[in-house]
$ cat query.txt   # compact mmCIF, C-alpha atoms
# COMPACT_ATOMS: atom_id res chain seq x y z
CA MET A 1 68.56 158.01 124.75
CA SER A 2 67.89 160.85 122.30
CA GLN A 3 64.23 160.81 123.30
CA ILE A 4 65.16 160.99 126.99
CA THR A 5 67.50 163.91 126.27
CA ASP A 6 64.68 165.79 124.54
CA GLU A 7 62.36 165.08 127.48
CA MET A 8 64.93 166.36 129.98
CA ALA A 9 65.39 169.52 127.90
CA ALA A 10 61.64 170.11 127.83
CA GLU A 11 61.44 169.59 131.59
CA TYR A 12 64.29 172.04 132.10
CA GLU A 13 62.48 174.73 130.14
CA ARG A 14 59.27 174.13 132.09
CA ILE A 15 61.00 174.10 135.50
CA HIS A 16 63.23 177.05 134.66
CA ARG A 17 60.24 179.24 133.77
CA ARG A 18 58.68 178.79 137.21
CA ALA A 19 61.89 178.64 139.26
CA ALA A 20 61.97 182.35 140.17
CA GLY A 21 58.46 182.26 141.63
CA ASP A 22 58.73 178.91 143.40
CA PRO A 23 62.37 177.68 143.60
CA GLY A 24 61.61 174.95 146.12
CA THR A 25 59.05 173.23 143.93
CA ALA A 26 61.28 173.64 140.87
CA GLY A 27 64.12 171.87 142.65
CA ASP A 28 61.83 169.06 143.78
CA GLU A 29 60.59 168.54 140.22
CA GLY A 30 64.15 168.37 138.91
CA GLU A 31 65.03 165.69 141.46
CA GLU A 32 61.96 163.67 140.49
CA ASN A 33 62.98 163.83 136.81
CA TRP A 34 66.28 162.11 137.63
CA ALA A 35 64.68 159.67 140.08
CA ASP A 36 62.09 158.66 137.48
CA LEU A 37 64.83 158.16 134.89
CA MET A 38 66.62 155.72 137.19
CA ARG A 39 63.40 153.93 138.12
CA GLU A 40 62.75 153.37 134.43
CA TRP A 41 66.26 152.23 133.49
CA LEU A 42 67.73 150.45 136.52
CA PRO A 43 66.51 146.91 137.32
CA PRO A 44 63.33 147.04 139.44
CA ILE A 45 65.02 145.29 142.39
CA TYR A 46 66.79 148.62 143.06
CA GLN A 47 64.49 151.07 144.78
CA VAL A 48 65.09 154.74 143.98
CA VAL A 49 64.06 157.24 146.65
CA THR A 50 64.38 161.01 147.06
CA LYS A 51 65.35 163.36 149.88
CA GLY A 52 67.14 161.57 152.67
CA GLN A 53 70.25 161.33 154.79
CA ILE A 54 72.75 158.50 154.97
CA LEU A 55 73.29 157.02 158.45
CA SER A 56 76.58 155.38 159.45
CA ALA A 57 76.77 152.46 161.89
CA SER A 58 78.27 154.83 164.45
CA GLY A 59 75.28 157.17 164.23
CA ARG A 60 76.81 159.87 162.01
CA LEU A 61 74.46 161.46 159.51
CA SER A 62 75.34 162.82 156.08
CA HIS A 63 73.98 166.04 154.63
CA HIS A 64 70.64 165.72 152.82
CA VAL A 65 70.90 163.82 149.52
CA ASP A 66 68.49 164.40 146.63
CA VAL A 67 68.29 160.91 145.04
CA LEU A 68 69.39 157.57 146.51
CA VAL A 69 69.55 154.09 144.99
CA LEU A 70 69.04 151.37 147.60
CA ARG A 71 70.50 147.88 147.45
CA PRO A 72 68.01 145.04 146.76
CA SER A 73 68.66 143.74 150.30
CA TYR A 74 67.49 146.99 151.93
CA PRO A 75 64.88 146.20 154.63
CA LYS A 76 61.37 146.94 153.40
CA LYS A 77 60.35 148.23 156.85
CA LEU A 78 62.93 151.02 156.62
CA ARG A 79 62.45 152.12 153.01
CA ASN A 80 60.10 154.99 153.82
CA LYS A 81 62.29 156.37 156.58
CA LYS A 82 64.37 159.36 155.54
CA LYS A 83 67.55 158.22 157.25
CA TYR A 84 69.00 155.44 155.11
CA LEU A 85 71.51 152.90 156.43
CA ALA A 86 74.86 153.52 154.76
CA ALA A 87 75.46 149.84 154.09
CA GLY A 88 72.17 149.67 152.17
CA VAL A 89 72.87 152.57 149.77
CA ILE A 90 74.62 151.75 146.51
CA ALA A 91 74.44 155.23 144.91
CA ALA A 92 73.50 158.78 145.87
CA PHE A 93 73.18 161.96 143.81
CA GLU A 94 72.90 165.71 144.13
CA CYS A 95 70.58 167.26 141.55
CA LYS A 96 70.72 170.78 140.15
CA THR A 97 68.48 172.43 137.60
CA THR A 98 71.18 174.81 136.35
CA LEU A 99 74.76 173.82 137.18
CA LYS A 100 77.27 176.40 138.46
CA ALA A 101 80.95 176.02 139.31
CA ASP A 102 80.38 176.15 143.07
CA HIS A 103 77.98 173.20 142.79
CA VAL A 104 80.91 171.09 141.60
CA THR A 105 83.04 172.13 144.59
CA SER A 106 80.31 171.41 147.15
CA ALA A 107 79.52 168.05 145.51
CA MET A 108 83.19 167.06 145.76
CA GLU A 109 83.22 167.97 149.45
CA ARG A 110 80.14 165.84 150.03
CA ALA A 111 81.59 162.92 148.07
CA VAL A 112 84.52 162.91 150.52
CA GLU A 113 82.10 163.13 153.45
CA ILE A 114 79.92 160.27 152.20
CA ARG A 115 82.94 157.95 151.89
CA SER A 116 83.82 158.62 155.55
CA LEU A 117 80.53 157.06 156.70
CA LEU A 118 81.71 153.55 155.81
CA PRO A 119 85.03 151.86 156.59
CA SER A 120 87.63 151.72 153.83
CA ARG A 121 87.94 148.44 151.95
CA ASN A 122 91.09 146.35 151.56
CA GLY A 123 92.20 143.33 149.57
CA THR A 124 92.32 144.24 145.85
CA PRO A 125 93.15 147.34 143.79
CA TYR A 126 89.49 147.72 142.86
CA GLN A 127 88.31 147.57 146.50
CA GLU A 128 90.91 150.05 147.69
CA LEU A 129 90.49 152.56 144.84
CA HIS A 130 86.68 152.76 145.10
CA GLY A 131 84.37 153.82 147.89
CA PRO A 132 81.38 151.58 148.71
CA ILE A 133 78.84 154.27 147.69
CA ILE A 134 78.74 155.79 144.18
CA TYR A 135 78.29 159.54 144.56
CA GLY A 136 77.38 161.80 141.66
CA LEU A 137 76.13 165.20 140.51
CA LEU A 138 73.28 165.53 137.99
CA ALA A 139 72.00 168.65 136.24
CA HIS A 140 69.49 169.44 133.51
CA SER A 141 71.58 172.29 132.10
CA HIS A 142 74.31 174.81 132.98
CA SER A 143 74.79 178.53 133.56
CA TRP A 144 77.32 179.27 130.77
CA LYS A 145 74.95 180.27 127.96
CA SER A 146 76.49 183.44 126.54
CA GLU A 147 78.13 183.45 123.12
CA GLY A 148 81.74 182.37 123.30
CA SER A 149 81.34 180.55 126.60
CA ARG A 150 83.02 177.16 126.94
CA PRO A 151 80.89 175.29 129.48
CA VAL A 152 82.71 171.96 129.07
CA ASP A 153 86.04 173.64 129.85
CA ASN A 154 84.54 175.58 132.75
CA ILE A 155 83.05 172.50 134.40
CA GLU A 156 86.19 170.47 133.82
CA ARG A 157 88.32 173.20 135.39
CA ALA A 158 86.04 173.32 138.44
CA LEU A 159 86.11 169.53 138.69
CA LEU A 160 89.91 169.29 138.56
CA GLU A 161 90.42 172.16 141.00
CA ALA A 162 87.96 170.64 143.48
CA ASP A 163 89.54 167.20 143.13
CA ARG A 164 93.04 168.49 143.84
CA SER A 165 91.95 170.56 146.83
CA LYS A 166 89.46 168.15 148.46
CA VAL A 167 90.36 164.57 147.47
CA THR A 168 93.24 162.87 149.30
CA HIS A 169 92.64 159.32 148.02
CA PRO A 170 91.10 157.96 144.78
CA SER A 171 88.31 156.26 146.73
CA GLN A 172 86.90 159.72 147.61
CA MET A 173 86.31 160.85 144.01
CA LEU A 174 83.04 162.18 142.66
CA GLU A 175 82.07 159.24 140.44
CA LEU A 176 79.72 160.85 137.92
CA VAL A 177 78.85 164.36 136.75
CA CYS A 178 76.11 164.56 134.11
CA VAL A 179 74.74 167.71 132.50
CA SER A 180 72.00 166.29 130.31
CA ASP A 181 72.30 168.84 127.49
CA LEU A 182 76.10 169.03 127.50
CA ALA A 183 78.42 166.22 128.70
CA THR A 184 79.13 163.50 131.25
CA TRP A 185 82.29 163.09 133.32
CA VAL A 186 83.12 159.64 134.70
CA ALA A 187 85.77 158.87 137.34
CA MET A 188 88.24 156.24 136.13
CA ARG A 189 91.37 154.77 137.74
CA THR A 190 94.39 152.76 136.72
CA ALA A 191 95.71 150.46 139.42
CA PHE A 192 99.44 150.93 138.74
CA SER A 193 101.94 151.56 135.98
CA GLY A 194 105.54 150.82 136.87
CA PRO A 195 108.66 148.78 136.04
CA SER A 196 106.73 145.52 136.52
CA SER A 197 104.09 146.47 133.92
CA GLY A 198 105.84 144.66 131.07
CA ASP A 199 105.96 147.60 128.65
CA TRP A 200 107.97 149.97 130.82
CA SER A 201 110.11 152.50 128.98
CA PRO A 202 112.13 155.64 129.74
CA THR A 203 109.23 157.72 128.44
CA MET A 204 106.82 156.03 130.84
CA ALA A 205 109.28 156.45 133.70
CA GLN A 206 109.44 160.16 132.92
CA PHE A 207 105.65 160.44 133.11
CA TYR A 208 104.80 158.03 135.96
CA GLY A 209 107.99 158.52 137.98
CA PRO A 210 110.92 156.10 138.40
CA VAL A 211 109.00 153.69 140.66
CA GLY A 212 105.63 154.15 138.90
CA SER A 213 102.23 155.31 140.12
CA ALA A 214 98.50 154.73 140.10
CA THR A 215 96.34 157.28 138.27
CA SER A 216 92.86 158.76 138.35
CA ALA A 217 90.97 160.89 135.84
CA TYR A 218 87.57 162.40 135.13
CA VAL A 219 87.02 161.37 131.53
CA CYS A 220 84.65 163.68 129.67
CA ALA A 221 82.26 162.49 126.97
CA SER A 222 80.67 165.38 125.09
CA ARG A 223 79.57 166.23 121.58
CA GLU A 224 82.88 168.07 121.27
CA SER A 225 84.93 164.92 121.98
CA GLN A 226 87.08 163.89 119.04
CA GLY A 227 85.52 161.06 117.05
CA GLN A 228 82.21 161.26 118.93
CA LYS A 229 79.33 159.40 117.25
CA ALA A 230 76.19 161.23 116.18
CA SER A 231 74.17 158.92 118.45
CA PHE A 232 76.00 160.11 121.60
CA THR A 233 73.96 161.48 124.50
CA PRO A 234 75.27 162.53 127.94
CA VAL A 235 72.34 160.76 129.62
CA GLY A 236 73.20 157.52 127.83
CA THR A 237 76.81 157.75 129.00
CA MET A 238 75.66 158.42 132.57
CA LEU A 239 73.28 155.45 132.66
CA ALA A 240 75.77 153.06 131.06
CA SER A 241 78.55 154.20 133.41
CA LEU A 242 76.31 153.95 136.48
CA LEU A 243 75.29 150.43 135.54
CA TYR A 244 78.96 149.50 135.03
CA LYS A 245 79.90 150.85 138.45
CA MET A 246 76.99 149.05 140.11
CA ALA A 247 77.86 145.79 138.32
CA TRP A 248 81.15 145.46 140.22
CA GLY A 249 79.05 144.59 143.25
CA ASP A 250 76.16 142.83 141.46
CA THR A 251 77.22 140.15 138.98
CA ASP A 252 73.67 139.91 137.56
CA LEU A 253 74.12 143.40 136.07
CA ARG A 254 77.31 142.55 134.19
CA PRO A 255 75.80 141.21 130.94
CA LEU A 256 73.73 144.38 130.54
CA ALA A 257 76.67 146.61 131.49
CA ASP A 258 78.83 144.84 128.91
CA TYR A 259 76.08 145.19 126.30
CA PHE A 260 75.73 148.95 126.84
CA HIS A 261 79.50 149.34 126.53
CA SER A 262 79.63 147.26 123.34
CA ALA A 263 76.71 149.24 121.91
CA GLY A 264 78.71 152.46 122.28
CA MET A 265 76.61 154.13 124.98
CA TRP A 266 79.76 155.21 126.84
CA GLY A 267 80.76 157.45 123.97
CA THR A 268 84.26 158.69 123.23
CA ALA A 269 85.96 160.36 126.19
CA ASP A 270 89.26 161.61 127.54
CA GLY A 271 90.58 163.41 130.60
CA GLU A 272 93.59 164.73 132.46
CA MET A 273 95.33 162.20 134.73
CA ARG A 274 96.32 162.68 138.36
CA LEU A 275 99.21 160.57 139.66
CA TRP A 276 99.05 158.74 142.98
CA PRO A 277 101.97 157.15 144.89
CA GLU A 278 102.04 153.47 145.78
CA SER A 279 101.42 154.46 149.42
CA ILE A 280 97.67 154.79 148.72
CA TYR A 281 97.48 150.98 148.97
CA SER A 282 97.58 148.64 151.94
CA ASP A 283 100.85 146.74 152.38
CA ALA A 284 99.58 143.51 150.80
CA VAL A 285 98.07 145.16 147.72
CA ARG A 286 101.01 147.53 147.29
CA SER A 287 103.46 144.64 147.27
CA ARG A 288 101.58 142.85 144.50
CA VAL A 289 100.74 145.81 142.22
CA THR A 290 104.36 147.01 142.26
CA SER A 291 105.92 143.60 141.62
CA THR A 292 103.65 141.89 139.06
CA ALA A 293 102.07 142.76 135.72
CA LEU A 294 98.35 143.38 136.20
CA ALA A 295 95.64 142.09 133.88
CA ARG A 296 94.79 144.31 130.91
CA GLY A 297 91.52 144.76 129.08
CA ARG A 298 88.11 145.79 130.39
CA GLY A 299 86.81 142.76 132.24
CA TRP A 300 85.65 142.16 135.81
CA ASP A 301 89.00 141.26 137.36
CA GLU A 302 89.64 143.26 140.55
CA TRP A 303 93.39 142.97 139.80
CA GLN A 304 93.22 144.48 136.34
CA VAL A 305 94.83 147.76 135.34
CA LEU A 306 91.81 149.91 134.41
CA PHE A 307 88.54 150.46 136.29

$ encode --input "query.txt" --output "structure tokens"
Amino acid sequence: MSQITDEMAAEYERIHRRAAGDPGTAGDEGEENWADLMREWLPPIYQVVTKGQILSASGRLSHHVDVLVLRPSYPKKLRNKKKYLAAGVIAAFECKTTLKADHVTSAMERAVEIRSLLPSRNGTPYQELHGPIIYGLLAHSHSWKSEGSRPVDNIERALLEADRSKVTHPSQMLELVCVSDLATWVAMRTAFSGPSSGDWSPTMAQFYGPVGSATSAYVCASRESQGQKASFTPVGTMLASLLYKMAWGDTDLRPLADYFHSAGMWGTADGEMRLWPESIYSDAVRSRVTSTALARGRGWDEWQVLF
């Protein structure tokens, strides 16, 4: 992971030098850097392609997406077409050479749009809190380079502001934001904390509300994070988190996802929580999450507390 980080930094310097004279080519090269990274680290049954649109069953097209990860079942005949069937896309990413605050806002808007191309899912807390397509934002570096700048704080502020103004349900969240020389933000959710949780207290009621709530957060792993290991890299956290998110739908990935987590690739992270009312759930799921204690721990149970 440290070697990859160094390679991404070298590519950024090379691309950045030529960006003013040929911005189109510079952008294309940045996208290929990220696509190549995923081709090298994701299982080969997942094809990684660049530059395409996502097509819903009703004929709606998304904006252009820089990098897409296709499901293993994606029809070979259609893989070279630039309009990709929504049901065959497991992940999609916007790529920036130098991240700015407005890139975060536009990526959040597009994350909401992408989720609207497929029907919402019902049946378990996991299904209802997550969209069927992982959508993320990837960048080589950032624009806050002057002395005294706090790029982690700036990006986090833009992320939280965009989330509160654009996202109306946890399933619409931007799942990953990675700046390869700085930090990675990962969308996490808790299914519900309320009187049925088993450890309910007046303090918890004051925080979560008298009837309880679900929560979401963008947890940030950076070199500034308290207790962060020297071996931490933002790219490592991004890859490990992406594999974890993909493994919910592909059980063959779970041993590797568990290994990366146990090996510490996620890093140490924290983030500010957003509370959600029980009304975000369907009737059947809402009845169960508010009346029973959910499973705890980080396993693969779609009725557990944390995802």

$ residues_around --input "query.txt" --residues "Lys81 in chain A" --least-positions-apart "3" --cutoff "12 Å" --atoms "all atoms listed in the file" --output "number ranges by chain"
A: 49-55, 74-78, 84-85

$ atom_distance --input "query.txt" --atom1 "CA of Cys95 in chain A" --atom2 "CA of Leu61 in chain A"
19.3 Å

$ closest_atom_pairs --input "query.txt" --of "range 215-253 of chain A" --to "range 111-134 of chain A" --cutoff "9 Å" --atoms "all atoms listed in the file" --output "CSV"
residue,atom,partner,partner_atom,distance
A:Leu242,CA,A:Ile134,CA,8.3
A:Lys245,CA,A:Ile134,CA,7.7
A:Met246,CA,A:Ile134,CA,8.1

$ residues_around --input "query.txt" --residues "range 3-13 of chain A" --least-positions-apart "5" --cutoff "7 Å" --atoms "only C-alpha atoms" --output "JSON list (two decimals) with C-alpha atoms, in the frame of the given file"
[["chain", "number", "residue", "atom", "x", "y", "z"],
["A", 97, "THR", "CA", 68.48, 172.43, 137.60],
["A", 140, "HIS", "CA", 69.49, 169.44, 133.51],
["A", 180, "SER", "CA", 72.00, 166.29, 130.31],
["A", 181, "ASP", "CA", 72.30, 168.84, 127.49],
["A", 235, "VAL", "CA", 72.34, 160.76, 129.62]]

$ atom_distance --input "query.txt" --atom1 "CA of Asp102 in chain A" --atom2 "CA of Val152 in chain A"
14.8 Å

$ residues_near_point --input "query.txt" --point "(95.1, 149.4, 132.8)" --cutoff "7 Å" --atoms "only C-alpha atoms" --output "PyMOL selection string"
chain A and resi 190-191+296-297+304-306

$ residues_around --input "query.txt" --residues "Gly227 in chain A" --least-positions-apart "3" --cutoff "10 Å" --atoms "only C-alpha atoms" --output "list in words"
Arg223, Glu224, Ala230, Gly267, Thr268 and Ala269 of chain A

$ closest_residue --input "query.txt" --among "A:Ala101, A:Gln228, A:Val179, A:Arg298" --to "Leu137 in chain A" --atoms "all atoms listed in the file"
A:Val179

$ atom_distance --input "query.txt" --atom1 "CA of Gly136 in chain A" --atom2 "CA of Ala91 in chain A"
7.9 Å

$ residues_around --input "query.txt" --residues "Ala263 in chain A" --least-positions-apart "2" --cutoff "12 Å" --atoms "all atoms listed in the file" --output "list in words"
Lys229, Ser231, Phe232, Gly236, Thr237, Ala240, Leu256, Ala257, Asp258, Tyr259, Phe260, His261, Met265, Trp266 and Gly267 of chain A

$ closest_residue --input "query.txt" --among "A:Ser165, A:Ser279, A:Gln206, A:Thr233" --to "Leu182 in chain A" --atoms "only C-alpha atoms"
A:Thr233

$ closest_residue --input "query.txt" --among "A:Glu32, A:Asp199, A:Glu147, A:Glu109" --to "Met173 in chain A" --atoms "all atoms listed in the file"
A:Glu109

$ closest_residue --input "query.txt" --among "A:Glu175, A:Asp153, A:Asp66, A:Asp301" --to "Lys82 in chain A" --atoms "all atoms listed in the file"
A:Asp66

$ residues_around --input "query.txt" --residues "Gly198 in chain A" --least-positions-apart "6" --cutoff "12 Å" --atoms "all atoms listed in the file" --output "list in words"
Phe192, Met204, Thr290, Ser291, Thr292, Ala293, Leu294, Ala295 and Arg296 of chain A

$ closest_residue --input "query.txt" --among "A:Ala92, A:Ala86, A:Thr98, A:Ala107" --to "Val167 in chain A" --atoms "only C-alpha atoms"
A:Ala107

$ closest_residue --input "query.txt" --among "A:Asn154, A:Thr105, A:Ser262, A:Ser213" --to "Val289 in chain A" --atoms "all atoms listed in the file"
A:Ser213

$ build_atoms --input "query.txt" --residues "range 140-151 of chain A" --atoms "N, CA and C atoms" --output "compact mmCIF listing (two decimals), in the coordinates of the input"
# COMPACT_ATOMS: atom_id res chain seq x y z
N HIS A 140 70.19 169.34 134.78
CA HIS A 140 69.49 169.44 133.51
C HIS A 140 70.28 170.26 132.50
N SER A 141 70.84 171.40 132.99
CA SER A 141 71.58 172.29 132.10
C SER A 141 72.65 173.01 132.91
N HIS A 142 73.18 174.10 132.37
CA HIS A 142 74.31 174.81 132.98
C HIS A 142 74.11 176.31 132.82
N SER A 143 74.96 177.08 133.51
CA SER A 143 74.79 178.53 133.56
C SER A 143 75.61 179.28 132.51
N TRP A 144 76.43 178.59 131.72
CA TRP A 144 77.32 179.27 130.77
C TRP A 144 76.66 179.30 129.38
N LYS A 145 75.76 180.23 129.18
CA LYS A 145 74.95 180.27 127.96
C LYS A 145 75.35 181.37 126.98
N SER A 146 76.18 182.31 127.41
CA SER A 146 76.49 183.44 126.54
C SER A 146 77.38 183.01 125.38
N GLU A 147 77.34 183.76 124.31
CA GLU A 147 78.13 183.45 123.12
C GLU A 147 79.62 183.48 123.47
N GLY A 148 80.32 182.47 123.02
CA GLY A 148 81.74 182.37 123.30
C GLY A 148 82.08 181.63 124.57
N SER A 149 81.09 181.31 125.38
CA SER A 149 81.34 180.55 126.60
C SER A 149 81.77 179.13 126.26
N ARG A 150 82.57 178.54 127.12
CA ARG A 150 83.02 177.16 126.94
C ARG A 150 82.64 176.36 128.19
N PRO A 151 81.38 175.95 128.26
CA PRO A 151 80.89 175.29 129.48
C PRO A 151 81.62 173.99 129.81
